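Asker: Sharing query.cif here; it has mmCIF, C-alpha atoms and all ligand atoms.
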```cif
data_run
#
loop_
_atom_site.label_atom_id
_atom_site.label_comp_id
_atom_site.auth_asym_id
_atom_site.auth_seq_id
_atom_site.Cartn_x
_atom_site.Cartn_y
_atom_site.Cartn_z
CA MET A 1 -29.21 -39.23 -42.52
CA HIS A 2 -28.38 -42.00 -40.09
CA GLN A 3 -25.95 -40.95 -37.39
CA SER A 4 -24.28 -43.72 -35.44
CA SER A 5 -23.91 -43.05 -31.72
CA PRO A 6 -20.36 -43.15 -30.38
CA GLN A 7 -19.25 -46.49 -28.96
CA PRO A 8 -18.72 -46.47 -25.20
CA LEU A 9 -15.08 -46.60 -24.18
CA THR A 10 -13.78 -49.95 -23.02
CA ALA A 11 -12.37 -50.03 -19.48
CA HIS A 12 -8.90 -50.09 -21.02
CA GLU A 13 -9.54 -47.03 -23.22
CA GLU A 14 -11.13 -45.18 -20.31
CA THR A 15 -8.03 -45.86 -18.20
CA ARG A 16 -5.70 -44.49 -20.88
CA SER A 17 -7.87 -41.41 -21.36
CA ALA A 18 -7.90 -40.78 -17.58
CA TRP A 19 -4.11 -41.05 -17.32
CA ASN A 20 -3.67 -38.63 -20.22
CA THR A 21 -6.07 -36.20 -18.51
CA ASN A 22 -4.32 -36.61 -15.14
CA ALA A 23 -0.74 -36.50 -16.44
CA ALA A 24 0.01 -32.82 -15.73
CA PHE A 25 -1.51 -33.02 -12.22
CA TRP A 26 0.38 -36.29 -11.54
CA ASP A 27 3.66 -34.83 -12.75
CA GLU A 28 3.30 -31.70 -10.63
CA ARG A 29 2.20 -33.52 -7.46
CA MET A 30 4.48 -36.55 -7.78
CA GLY A 31 7.55 -34.69 -9.01
CA GLU A 32 10.58 -36.84 -8.18
CA GLY A 33 8.67 -38.91 -5.59
CA ASN A 34 6.37 -38.69 -2.54
CA ASP A 35 6.49 -40.52 0.82
CA PHE A 36 4.98 -43.65 -0.68
CA VAL A 37 7.77 -43.76 -3.27
CA ASN A 38 10.64 -42.67 -1.04
CA VAL A 39 9.80 -44.56 2.15
CA LEU A 40 7.84 -47.61 0.98
CA ILE A 41 8.44 -48.42 -2.66
CA TRP A 42 11.88 -47.38 -3.86
CA PRO A 43 14.04 -48.90 -1.07
CA ALA A 44 12.48 -52.34 -1.73
CA VAL A 45 12.60 -51.93 -5.52
CA GLN A 46 16.26 -50.99 -5.33
CA ARG A 47 17.08 -53.99 -3.10
CA LEU A 48 15.15 -56.48 -5.21
CA LEU A 49 16.38 -55.20 -8.58
CA ASP A 50 20.00 -55.02 -7.39
CA ILE A 51 21.03 -53.02 -10.46
CA GLN A 52 24.59 -53.51 -11.67
CA PRO A 53 26.25 -50.72 -13.67
CA GLY A 54 25.60 -51.26 -17.37
CA ALA A 55 22.41 -53.30 -16.80
CA ARG A 56 19.76 -52.98 -19.51
CA VAL A 57 16.41 -52.35 -17.79
CA LEU A 58 12.85 -52.02 -19.05
CA ASP A 59 10.62 -49.66 -16.99
CA ILE A 60 6.99 -50.44 -17.83
CA ALA A 61 4.26 -47.85 -17.16
CA CYS A 62 6.96 -45.36 -16.18
CA GLY A 63 4.70 -42.36 -15.52
CA ASN A 64 6.77 -39.16 -15.42
CA GLY A 65 9.99 -41.21 -15.48
CA LEU A 66 10.93 -40.86 -11.81
CA THR A 67 12.03 -44.51 -11.51
CA ALA A 68 13.71 -44.46 -14.93
CA ARG A 69 15.92 -41.58 -13.76
CA ARG A 70 16.71 -43.36 -10.49
CA LEU A 71 17.64 -46.53 -12.42
CA ALA A 72 19.84 -44.50 -14.78
CA ASP A 73 21.52 -42.87 -11.77
CA LEU A 74 22.41 -46.39 -10.59
CA GLY A 75 24.20 -46.97 -13.89
CA ALA A 76 21.49 -48.74 -15.91
CA THR A 77 20.53 -48.11 -19.51
CA VAL A 78 16.75 -47.78 -19.46
CA VAL A 79 13.95 -48.25 -21.96
CA ALA A 80 10.97 -46.58 -20.29
CA SER A 81 7.43 -46.81 -21.62
CA ASP A 82 3.90 -45.73 -20.80
CA PHE A 83 0.64 -45.88 -22.76
CA ALA A 84 -0.29 -42.25 -21.96
CA GLU A 85 1.39 -39.94 -24.49
CA THR A 86 1.02 -36.93 -22.18
CA MET A 87 2.78 -38.78 -19.39
CA ILE A 88 5.67 -39.59 -21.74
CA ASP A 89 5.84 -35.88 -22.72
CA HIS A 90 6.30 -34.99 -19.03
CA ALA A 91 8.86 -37.79 -18.57
CA ARG A 92 10.91 -36.44 -21.49
CA GLN A 93 10.71 -32.85 -20.20
CA ARG A 94 12.04 -33.98 -16.82
CA SER A 95 14.84 -36.09 -18.31
CA ALA A 96 17.07 -33.52 -20.00
CA GLY A 97 20.58 -34.79 -19.46
CA TYR A 98 19.51 -38.44 -19.51
CA SER A 99 19.27 -38.88 -23.29
CA ALA A 100 22.22 -41.28 -23.43
CA ARG A 101 20.79 -43.48 -20.67
CA ILE A 102 16.98 -43.38 -21.05
CA THR A 103 14.87 -43.99 -24.16
CA TYR A 104 11.17 -43.20 -23.80
CA GLN A 105 8.41 -44.86 -25.83
CA VAL A 106 4.63 -44.70 -25.89
CA LEU A 107 3.69 -48.35 -25.47
CA ASP A 108 0.63 -50.20 -24.19
CA ALA A 109 1.67 -52.91 -21.72
CA THR A 110 -1.44 -54.95 -22.55
CA ASP A 111 -0.25 -55.26 -26.19
CA GLU A 112 1.94 -58.36 -26.33
CA ALA A 113 3.02 -57.82 -29.94
CA ALA A 114 4.10 -54.22 -29.29
CA LEU A 115 6.04 -55.33 -26.22
CA THR A 116 7.85 -58.19 -27.93
CA ALA A 117 8.71 -55.83 -30.80
CA LEU A 118 11.05 -54.10 -28.31
CA GLY A 119 13.19 -57.20 -28.98
CA GLY A 120 16.88 -56.74 -29.71
CA LYS A 121 19.36 -57.39 -26.93
CA PRO A 122 17.66 -59.13 -23.97
CA PHE A 123 16.92 -57.05 -20.88
CA ASP A 124 18.66 -57.88 -17.59
CA ALA A 125 15.67 -56.72 -15.57
CA ALA A 126 12.23 -55.15 -15.84
CA LEU A 127 10.29 -52.94 -13.44
CA CYS A 128 6.60 -52.11 -13.24
CA SER A 129 6.01 -49.82 -10.28
CA MET A 130 2.45 -49.25 -9.03
CA ALA A 131 0.75 -49.98 -12.33
CA LEU A 132 -0.30 -53.65 -12.72
CA PHE A 133 -3.61 -52.74 -11.02
CA ASP A 134 -4.16 -50.12 -13.75
CA MET A 135 -4.07 -52.77 -16.46
CA ALA A 136 -7.15 -54.48 -17.81
CA GLU A 137 -5.01 -57.53 -18.68
CA ILE A 138 -1.64 -58.62 -17.31
CA ASP A 139 -1.10 -62.02 -18.99
CA PRO A 140 0.23 -60.38 -22.21
CA LEU A 141 2.87 -58.50 -20.20
CA PHE A 142 4.12 -61.62 -18.41
CA ARG A 143 4.23 -63.59 -21.68
CA ALA A 144 6.16 -60.79 -23.39
CA LEU A 145 8.60 -60.47 -20.47
CA ALA A 146 9.38 -64.19 -20.71
CA GLN A 147 10.75 -63.39 -24.17
CA LEU A 148 12.33 -60.01 -23.46
CA LEU A 149 14.34 -60.92 -20.33
CA ARG A 150 17.58 -62.83 -20.45
CA PRO A 151 17.53 -66.25 -18.71
CA GLY A 152 17.64 -65.54 -14.99
CA GLY A 153 16.54 -61.95 -15.61
CA SER A 154 14.22 -60.50 -12.99
CA PHE A 155 10.89 -58.71 -13.12
CA VAL A 156 10.19 -56.53 -10.09
CA PHE A 157 6.77 -55.01 -9.55
CA SER A 158 5.29 -52.93 -6.76
CA LEU A 159 1.59 -52.88 -5.95
CA MET A 160 -0.92 -51.51 -3.54
CA HIS A 161 -1.02 -54.55 -1.24
CA PRO A 162 -3.99 -56.49 -2.65
CA CYS A 163 -5.07 -57.75 0.81
CA PHE A 164 -5.00 -54.50 2.78
CA ASN A 165 -5.04 -51.70 0.21
CA ASN A 166 -7.55 -52.48 -2.48
CA PRO A 167 -10.66 -50.63 -3.68
CA PHE A 168 -12.74 -52.68 -1.23
CA THR A 169 -10.93 -51.67 1.96
CA THR A 170 -11.66 -48.77 4.30
CA HIS A 171 -9.78 -47.17 7.17
CA SER A 172 -11.23 -46.65 10.61
CA ALA A 173 -10.16 -45.17 13.91
CA GLU A 174 -11.74 -46.24 17.20
CA THR A 175 -11.19 -44.26 20.38
CA SER A 176 -11.89 -45.67 23.83
CA ASN A 177 -11.42 -44.25 27.32
CA GLY A 178 -9.76 -46.41 29.93
CA LYS A 179 -7.76 -46.22 33.09
CA GLY A 180 -4.78 -44.75 31.32
CA GLY A 181 -6.76 -42.18 29.35
CA SER A 182 -8.04 -42.33 25.81
CA THR A 183 -6.60 -44.74 23.25
CA THR A 184 -7.11 -44.68 19.50
CA ARG A 185 -6.72 -47.84 17.46
CA TYR A 186 -6.45 -47.65 13.69
CA ALA A 187 -7.77 -50.46 11.50
CA VAL A 188 -8.31 -51.50 7.92
CA LYS A 189 -11.59 -53.22 7.09
CA VAL A 190 -11.59 -55.56 4.11
CA TYR A 191 -14.92 -55.87 2.28
CA GLY A 192 -13.63 -57.66 -0.81
CA TYR A 193 -10.59 -59.63 -1.87
CA MET A 194 -11.11 -63.01 -3.54
CA THR A 195 -13.03 -61.97 -6.63
CA ALA A 196 -11.34 -59.99 -9.38
CA ALA A 197 -13.25 -56.71 -9.68
CA THR A 198 -12.96 -53.16 -10.96
CA ALA A 199 -13.69 -49.90 -9.16
CA HIS A 200 -13.05 -46.22 -9.78
CA GLY A 201 -10.61 -44.43 -7.51
CA THR A 202 -7.85 -41.86 -7.33
CA ALA A 203 -4.10 -42.30 -6.95
CA LEU A 204 -3.63 -38.77 -5.58
CA ARG A 205 -6.03 -36.61 -3.56
CA ASN A 206 -7.97 -34.16 -5.79
CA GLN A 207 -6.85 -35.94 -8.98
CA PRO A 208 -8.87 -34.37 -11.83
CA GLN A 209 -10.35 -37.62 -13.16
CA PRO A 210 -10.83 -40.86 -11.18
CA HIS A 211 -9.61 -43.93 -13.03
CA ILE A 212 -10.37 -47.63 -12.97
CA TYR A 213 -8.54 -50.02 -10.65
CA PHE A 214 -8.38 -53.67 -11.69
CA HIS A 215 -8.23 -55.60 -8.42
CA ARG A 216 -6.80 -59.13 -8.44
CA ALA A 217 -6.18 -61.44 -5.49
CA LEU A 218 -2.51 -62.20 -4.95
CA SER A 219 -2.90 -65.81 -6.13
CA THR A 220 -4.55 -64.64 -9.37
CA LEU A 221 -1.85 -62.08 -9.96
CA LEU A 222 1.08 -64.42 -9.36
CA GLU A 223 -0.57 -67.15 -11.45
CA SER A 224 -0.10 -64.90 -14.50
CA GLY A 225 3.64 -64.98 -13.82
CA PHE A 226 3.76 -68.71 -13.05
CA CYS A 227 1.94 -69.51 -16.33
CA ALA A 228 4.58 -67.52 -18.23
CA GLY A 229 7.43 -69.48 -16.57
CA PHE A 230 8.36 -67.11 -13.74
CA VAL A 231 9.02 -68.01 -10.11
CA VAL A 232 8.87 -65.68 -7.10
CA ASP A 233 12.26 -65.30 -5.46
CA GLY A 234 11.84 -62.09 -3.50
CA LEU A 235 8.97 -60.31 -1.77
CA GLU A 236 8.71 -57.38 0.62
CA GLU A 237 5.61 -56.04 2.38
CA ARG A 238 6.12 -52.38 3.18
CA ALA A 239 4.54 -50.31 5.96
CA PHE A 240 5.40 -46.89 7.34
CA PRO A 241 7.62 -47.39 10.39
CA PRO A 242 6.16 -46.58 13.81
CA GLY A 243 6.97 -42.99 14.58
CA ASP A 244 5.85 -39.75 16.02
CA ASP A 245 3.22 -38.73 13.49
CA PRO A 246 0.31 -41.08 14.19
CA ALA A 247 -1.79 -39.62 11.42
CA ALA A 248 -1.89 -36.28 13.18
CA ASN A 249 -3.33 -34.35 10.25
CA GLN A 250 -5.19 -37.03 8.35
CA PRO A 251 -5.97 -39.81 10.82
CA LEU A 252 -7.40 -42.11 8.16
CA SER A 253 -4.53 -41.85 5.66
CA TRP A 254 -1.74 -44.40 5.49
CA SER A 255 0.91 -43.36 8.01
CA SER A 256 2.93 -44.62 10.96
CA ALA A 257 -0.40 -45.21 12.75
CA TYR A 258 -0.73 -48.27 10.50
CA SER A 259 2.81 -49.55 10.98
CA GLU A 260 1.51 -53.16 11.37
CA ILE A 261 -0.46 -53.04 8.11
CA PRO A 262 1.46 -52.82 4.83
CA PRO A 263 -0.13 -50.70 2.09
CA VAL A 264 2.53 -51.75 -0.43
CA MET A 265 3.95 -55.04 -1.65
CA VAL A 266 7.03 -55.41 -3.87
CA VAL A 267 7.63 -58.72 -5.65
CA ARG A 268 10.52 -60.09 -7.65
CA MET A 269 9.84 -62.82 -10.19
CA ARG A 270 12.57 -64.49 -12.19
CA ARG A 271 12.54 -66.43 -15.42
CA SER A 272 12.92 -70.01 -14.30
C1 LIG B 301 0.28 -44.94 -10.60
S1 LIG B 301 1.13 -44.46 -12.07
C2 LIG B 301 2.78 -45.07 -11.73
C3 LIG B 301 3.81 -44.43 -12.60
C4 LIG B 301 5.26 -44.82 -12.31
N1 LIG B 301 5.49 -46.22 -12.53
C5 LIG B 301 5.67 -44.42 -10.92
O1 LIG B 301 5.91 -45.30 -10.09
O2 LIG B 301 5.75 -43.21 -10.65
C6 LIG B 301 0.51 -45.64 -13.23
C7 LIG B 301 1.04 -45.46 -14.63
O3 LIG B 301 0.69 -46.61 -15.39
C8 LIG B 301 0.42 -46.21 -16.70
N2 LIG B 301 -0.35 -47.29 -17.33
C9 LIG B 301 -1.54 -47.78 -16.91
N3 LIG B 301 -1.94 -48.77 -17.74
C10 LIG B 301 -0.97 -48.93 -18.66
C11 LIG B 301 -0.80 -49.79 -19.78
N4 LIG B 301 -1.74 -50.66 -20.12
N5 LIG B 301 0.33 -49.68 -20.52
C12 LIG B 301 1.27 -48.76 -20.19
N6 LIG B 301 1.16 -47.90 -19.17
C13 LIG B 301 0.05 -47.99 -18.41
C14 LIG B 301 -0.33 -44.91 -16.51
O4 LIG B 301 -0.34 -44.11 -17.68
C15 LIG B 301 0.48 -44.27 -15.38
O5 LIG B 301 1.54 -43.50 -15.89
#
```
As structure tokens, how would this structure be written, given the file I've shared?

Answerer:
Amino acid sequence: MHQSSPQPLTAHEETRSAWNTNAAFWDERMGEGNDFVNVLIWPAVQRLLDIQPGARVLDIACGNGLTARRLADLGATVVASDFAETMIDHARQRSAGYSARITYQVLDATDEAALTALGGKPFDAALCSMALFDMAEIDPLFRALAQLLRPGGSFVFSLMHPCFNNPFTTHSAETSNGKGGSTTRYAVKVYGYMTAATAHGTALRNQPQPHIYFHRALSTLLESGFCAGFVVDGLEERAFPPGDDPAANQPLSWSSAYSEIPPVMVVRMRRS
């Protein structure tokens, strides 16, 4: 009897499978937010979204729902979605008490038809925090958002900064001895940027299964929004402030040692 061999997973399917596998680990480690979220991402997201009480907000690729809960706490009514069912299970478990303000859905943000089917009353704003680089395609999302947002509605997204924090960058520390003693300078080396490319990596140290990152140059990324009729009207580059912990424990991790180099970028686009 002829047995057909299984088809290899597409990059998109592999990404979904990895996020389902990693969901429990992510939920436990991320909880209600780490330093990246609390220091770098959320303050800029909150400023750029400028949520008004009663706003209807779409949270795309919501993970364990940590931003959905923060948006609800600001008075928004939130539709939060993610393509990993296991992640949505964790989000629901963490959101007891939010049932009147957050609705969770399993939804693939590369599926334009599924997104536009959310329809109904237009959204005042949409958020996609630290996930566009997980998506094999982003044009469908921008096209769908052009229909789902009210005129003037904003789409805020946070990213690993594509120039300084992409799969083709490395960290280095160089120590030299001079008159005043030894000095250590921390640097980021950039080996790739212009060409869209994929690479496996991890979002959290010791993550069970590495997943695929879809790197895009900033111009490529924003072009997807421009083509769908969006303009950029807000942008923040976020670095850890200079401080007293110059990477003491992990000298090559993002920290105050790199206060001149932003690992995160947060962008607001608006329907023009
Ligand atoms: C780095 S996590 C960020 C989660 C959350 N936004 C946060 O800030 O905590 C990336 C999330 O994107 C989701 N994701 C990746 N590709 C997706 C897609 N095509 N559609 C929907 N969700 C997706 C993953 O399942 C994962 O939950």

Asker: Stretch 85-93 of chain A, all listed atoms, 6 Å padding on each side: what axis-aligned box centre and edge lengths in Å to one decimal come out, as lines of an AutoDock Vina configuration file?

Answerer:
```
center_x = 6.0
center_y = -36.4
center_z = -21.5
size_x = 21.9
size_y = 19.1
size_z = 17.9
```

Asker: Mind listing the residues within 8 Å of ligand LIG 301 (chain B), only C-alpha atoms and all ligand atoms counted, as an MDAnalysis selection string?

Answerer: chainID A and resid 12 15:16 19:20 23 30 33 37 59:67 81:84 87 106:111 128:137 203

Asker: At what distance in Å, to one decimal, does atom CA of A:Tyr98 lie from atom CA of A:Ala126?

Answerer: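 Interatomic distance, atom CA of A:Ala126 to atom CA of A:Tyr98: 18.6 Å.
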
Asker: Which residue, A:Leu204, A:Leu49, A:Leu148, A:Ala24, has the smallest gap to A:Gly120 when you use only C-alpha atoms?

Answerer: A:Leu148

Asker: Would you mind telling me which residue in A:Ser224, A:Asn22, A:Ser256, A:Gln105 lies nearest to A:Tyr186 when using all atoms listed in the file?

Answerer: A:Ser256

Asker: Counting all atoms listed in the file, what is within 8 Å of A:Ala72, bar same-chain residues fewer than 5 positions away, as a ChimeraX atom specification?

Answerer: /A:77-78,98,101-102

Asker: If I take atom CA of A:Leu221 and atom CA of A:Leu58, how far is one from the other in Å, to one decimal?

Answerer: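 Atom CA of A:Leu58 lies at a distance of 20.0 Å from atom CA of A:Leu221.
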
Asker: Could you jot down the atom CA of A:Pro122 to atom CA of A:Arg47 separation for me, Å, one decimal place?

Answerer: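 So the answer is 21.5 Å.
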
Asker: Using only C-alpha atoms, pick whichever of A:Val79, A:Met269, A:Leu9, A:Val45 has the shortest atom-to-atom distance to A:Glu236.

Answerer: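 Ranked by minimum distance to A:Glu236, first place goes to A:Val45.
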
Asker: Within 8 Å of (7.1, -46.0, 16.6) (coordinates as in the file), grab all the protein and nucleic acid residues, counting all atoms listed in the file, and write them out as a list in words.

Answerer: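 All residues meeting the 8 Å criterion around (7.1, -46.0, 16.6) are Pro241, Pro242, Gly243, Asp244, Ser256 and Ser259 of chain A.
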
Asker: I'd like the contact shell of A:Ala217 - 8 Å cut-off, all atoms listed in the file, skipping same-chain residues fewer than 5 positions apart - returned as a PyMOL selection string.

Answerer: chain A and resi 162-163+193-196

Asker: Enumerate, as a list of chain:residue names, the protein, DNA and RNA residues whose atoms approach (-13.1, -42.6, -3.6) to within 12 Å, taking into account only C-alpha atoms and the coordinate frame of the file.

Answerer: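 Here is the list of nearby residues: A:Asn166, A:Pro167, A:Phe168, A:Thr169, A:Thr170, A:Ala199, A:His200, A:Gly201, A:Thr202, A:Ala203, A:Leu204, A:Arg205, A:Asn206, A:Gln207, A:Gln209, A:Pro210, A:His211, A:Ile212, A:Tyr213.
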
Asker: I want to know what sits within 9 Å of A:Gln147, based on all atoms listed in the file, with residues of the same chain fewer than 2 positions away left out; could you give that as JSON, numbers by chain?

Answerer: {"A": [116, 119, 122, 142, 143, 144, 145, 149, 150]}

Asker: Which residue, A:Val266, A:Val190, A:Ile88, A:Leu115, has the smallest gap to A:Glu237 when you use only C-alpha atoms?

Answerer: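 Checking each of A:Val266, A:Val190, A:Ile88, A:Leu115 against A:Glu237, counting only C-alpha atoms, the winner is A:Val266.
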
Asker: Find the residue from A:Tyr104, A:Phe155, A:Tyr191, A:Phe25 that sits nearest to A:Asp124; use all atoms listed in the file when measuring.

Answerer: A:Phe155

Asker: For A:Asp233, please output as a list in words all residues within 9 Å (counting only C-alpha atoms; exclusion window: fewer than 6 positions along the same chain).

Answerer: Val267, Arg268, Met269 and Arg270 of chain A

Asker: Let's have the selection written as a compact mmCIF listing (two decimals), in the frame of the given file, with C-alpha atoms.

Answerer:
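Heads up, here's the output in again_35.txt:
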```
# COMPACT_ATOMS: atom_id res chain seq x y z
CA VAL A 267 7.63 -58.72 -5.65
CA ARG A 268 10.52 -60.09 -7.65
CA MET A 269 9.84 -62.82 -10.19
CA ARG A 270 12.57 -64.49 -12.19
```

Asker: Pick the closest to A:Val264 from A:Ser182, A:Thr175, A:Ser158, A:Asn34: which is it, counting only C-alpha atoms?

Answerer: A:Ser158

Asker: Please complete stretch 220-230 of chain A so it has all heavy atoms, and hand it over as a tab-separated table (two decimals), in the frame of the given file.

Answerer:
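Writing done, so here's result-v7.tsv:
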```
chain	number	residue	atom	x	y	z
A	220	THR	N	-4.19	-64.86	-7.95
A	220	THR	CA	-4.55	-64.64	-9.37
A	220	THR	C	-3.42	-63.90	-10.07
A	220	THR	O	-3.01	-64.25	-11.18
A	220	THR	CB	-5.83	-63.76	-9.45
A	220	THR	OG1	-6.83	-64.35	-8.66
A	220	THR	CG2	-6.29	-63.59	-10.88
A	221	LEU	N	-2.91	-62.90	-9.39
A	221	LEU	CA	-1.85	-62.08	-9.96
A	221	LEU	C	-0.58	-62.90	-10.23
A	221	LEU	O	-0.01	-62.88	-11.32
A	221	LEU	CB	-1.56	-60.98	-8.94
A	221	LEU	CG	-0.73	-59.85	-9.40
A	221	LEU	CD1	-1.63	-58.66	-9.55
A	221	LEU	CD2	0.34	-59.54	-8.40
A	222	LEU	N	-0.16	-63.65	-9.21
A	222	LEU	CA	1.08	-64.42	-9.36
A	222	LEU	C	0.91	-65.55	-10.37
A	222	LEU	O	1.86	-65.92	-11.07
A	222	LEU	CB	1.52	-64.99	-8.00
A	222	LEU	CG	1.90	-63.94	-6.95
A	222	LEU	CD1	2.32	-64.62	-5.65
A	222	LEU	CD2	3.03	-63.04	-7.45
A	223	GLU	N	-0.30	-66.07	-10.48
A	223	GLU	CA	-0.57	-67.15	-11.45
A	223	GLU	C	-0.22	-66.70	-12.87
A	223	GLU	O	0.28	-67.49	-13.67
A	223	GLU	CB	-2.05	-67.57	-11.35
A	223	GLU	CG	-2.45	-68.74	-12.22
A	223	GLU	CD	-1.82	-70.07	-11.78
A	223	GLU	OE1	-1.29	-70.14	-10.66
A	223	GLU	OE2	-1.84	-71.02	-12.59
A	224	SER	N	-0.45	-65.42	-13.16
A	224	SER	CA	-0.10	-64.90	-14.50
A	224	SER	C	1.40	-65.06	-14.74
A	224	SER	O	1.83	-65.39	-15.83
A	224	SER	CB	-0.47	-63.42	-14.62
A	224	SER	OG	-1.85	-63.27	-14.57
A	225	GLY	N	2.19	-64.82	-13.70
A	225	GLY	CA	3.64	-64.98	-13.82
A	225	GLY	C	4.03	-66.44	-13.90
A	225	GLY	O	4.86	-66.83	-14.73
A	226	PHE	N	3.42	-67.29	-13.05
A	226	PHE	CA	3.76	-68.71	-13.05
A	226	PHE	C	3.47	-69.32	-14.43
A	226	PHE	O	4.26	-70.09	-14.95
A	226	PHE	CB	2.96	-69.47	-11.97
A	226	PHE	CG	3.20	-68.99	-10.56
A	226	PHE	CD1	2.21	-69.09	-9.59
A	226	PHE	CD2	4.43	-68.45	-10.19
A	226	PHE	CE1	2.43	-68.65	-8.28
A	226	PHE	CE2	4.66	-68.02	-8.88
A	226	PHE	CZ	3.66	-68.11	-7.93
A	227	CYS	N	2.32	-68.95	-15.02
A	227	CYS	CA	1.94	-69.51	-16.33
A	227	CYS	C	2.95	-69.12	-17.41
A	227	CYS	O	3.12	-69.83	-18.40
A	227	CYS	CB	0.55	-69.03	-16.75
A	227	CYS	SG	-0.73	-69.82	-15.82
A	228	ALA	N	3.60	-67.96	-17.23
A	228	ALA	CA	4.58	-67.52	-18.23
A	228	ALA	C	5.98	-68.03	-17.92
A	228	ALA	O	6.94	-67.66	-18.60
A	228	ALA	CB	4.57	-65.99	-18.30
A	229	GLY	N	6.13	-68.86	-16.86
A	229	GLY	CA	7.43	-69.48	-16.57
A	229	GLY	C	8.27	-68.72	-15.56
A	229	GLY	O	9.47	-68.94	-15.46
A	230	PHE	N	7.62	-67.84	-14.78
A	230	PHE	CA	8.36	-67.11	-13.74
A	230	PHE	C	8.18	-67.79	-12.38
A	230	PHE	O	7.15	-68.44	-12.13
A	230	PHE	CB	7.86	-65.67	-13.63
A	230	PHE	CG	8.29	-64.78	-14.76
A	230	PHE	CD1	7.57	-64.72	-15.96
A	230	PHE	CD2	9.43	-63.99	-14.65
A	230	PHE	CE1	7.97	-63.90	-17.00
A	230	PHE	CE2	9.84	-63.17	-15.69
A	230	PHE	CZ	9.11	-63.13	-16.87
```
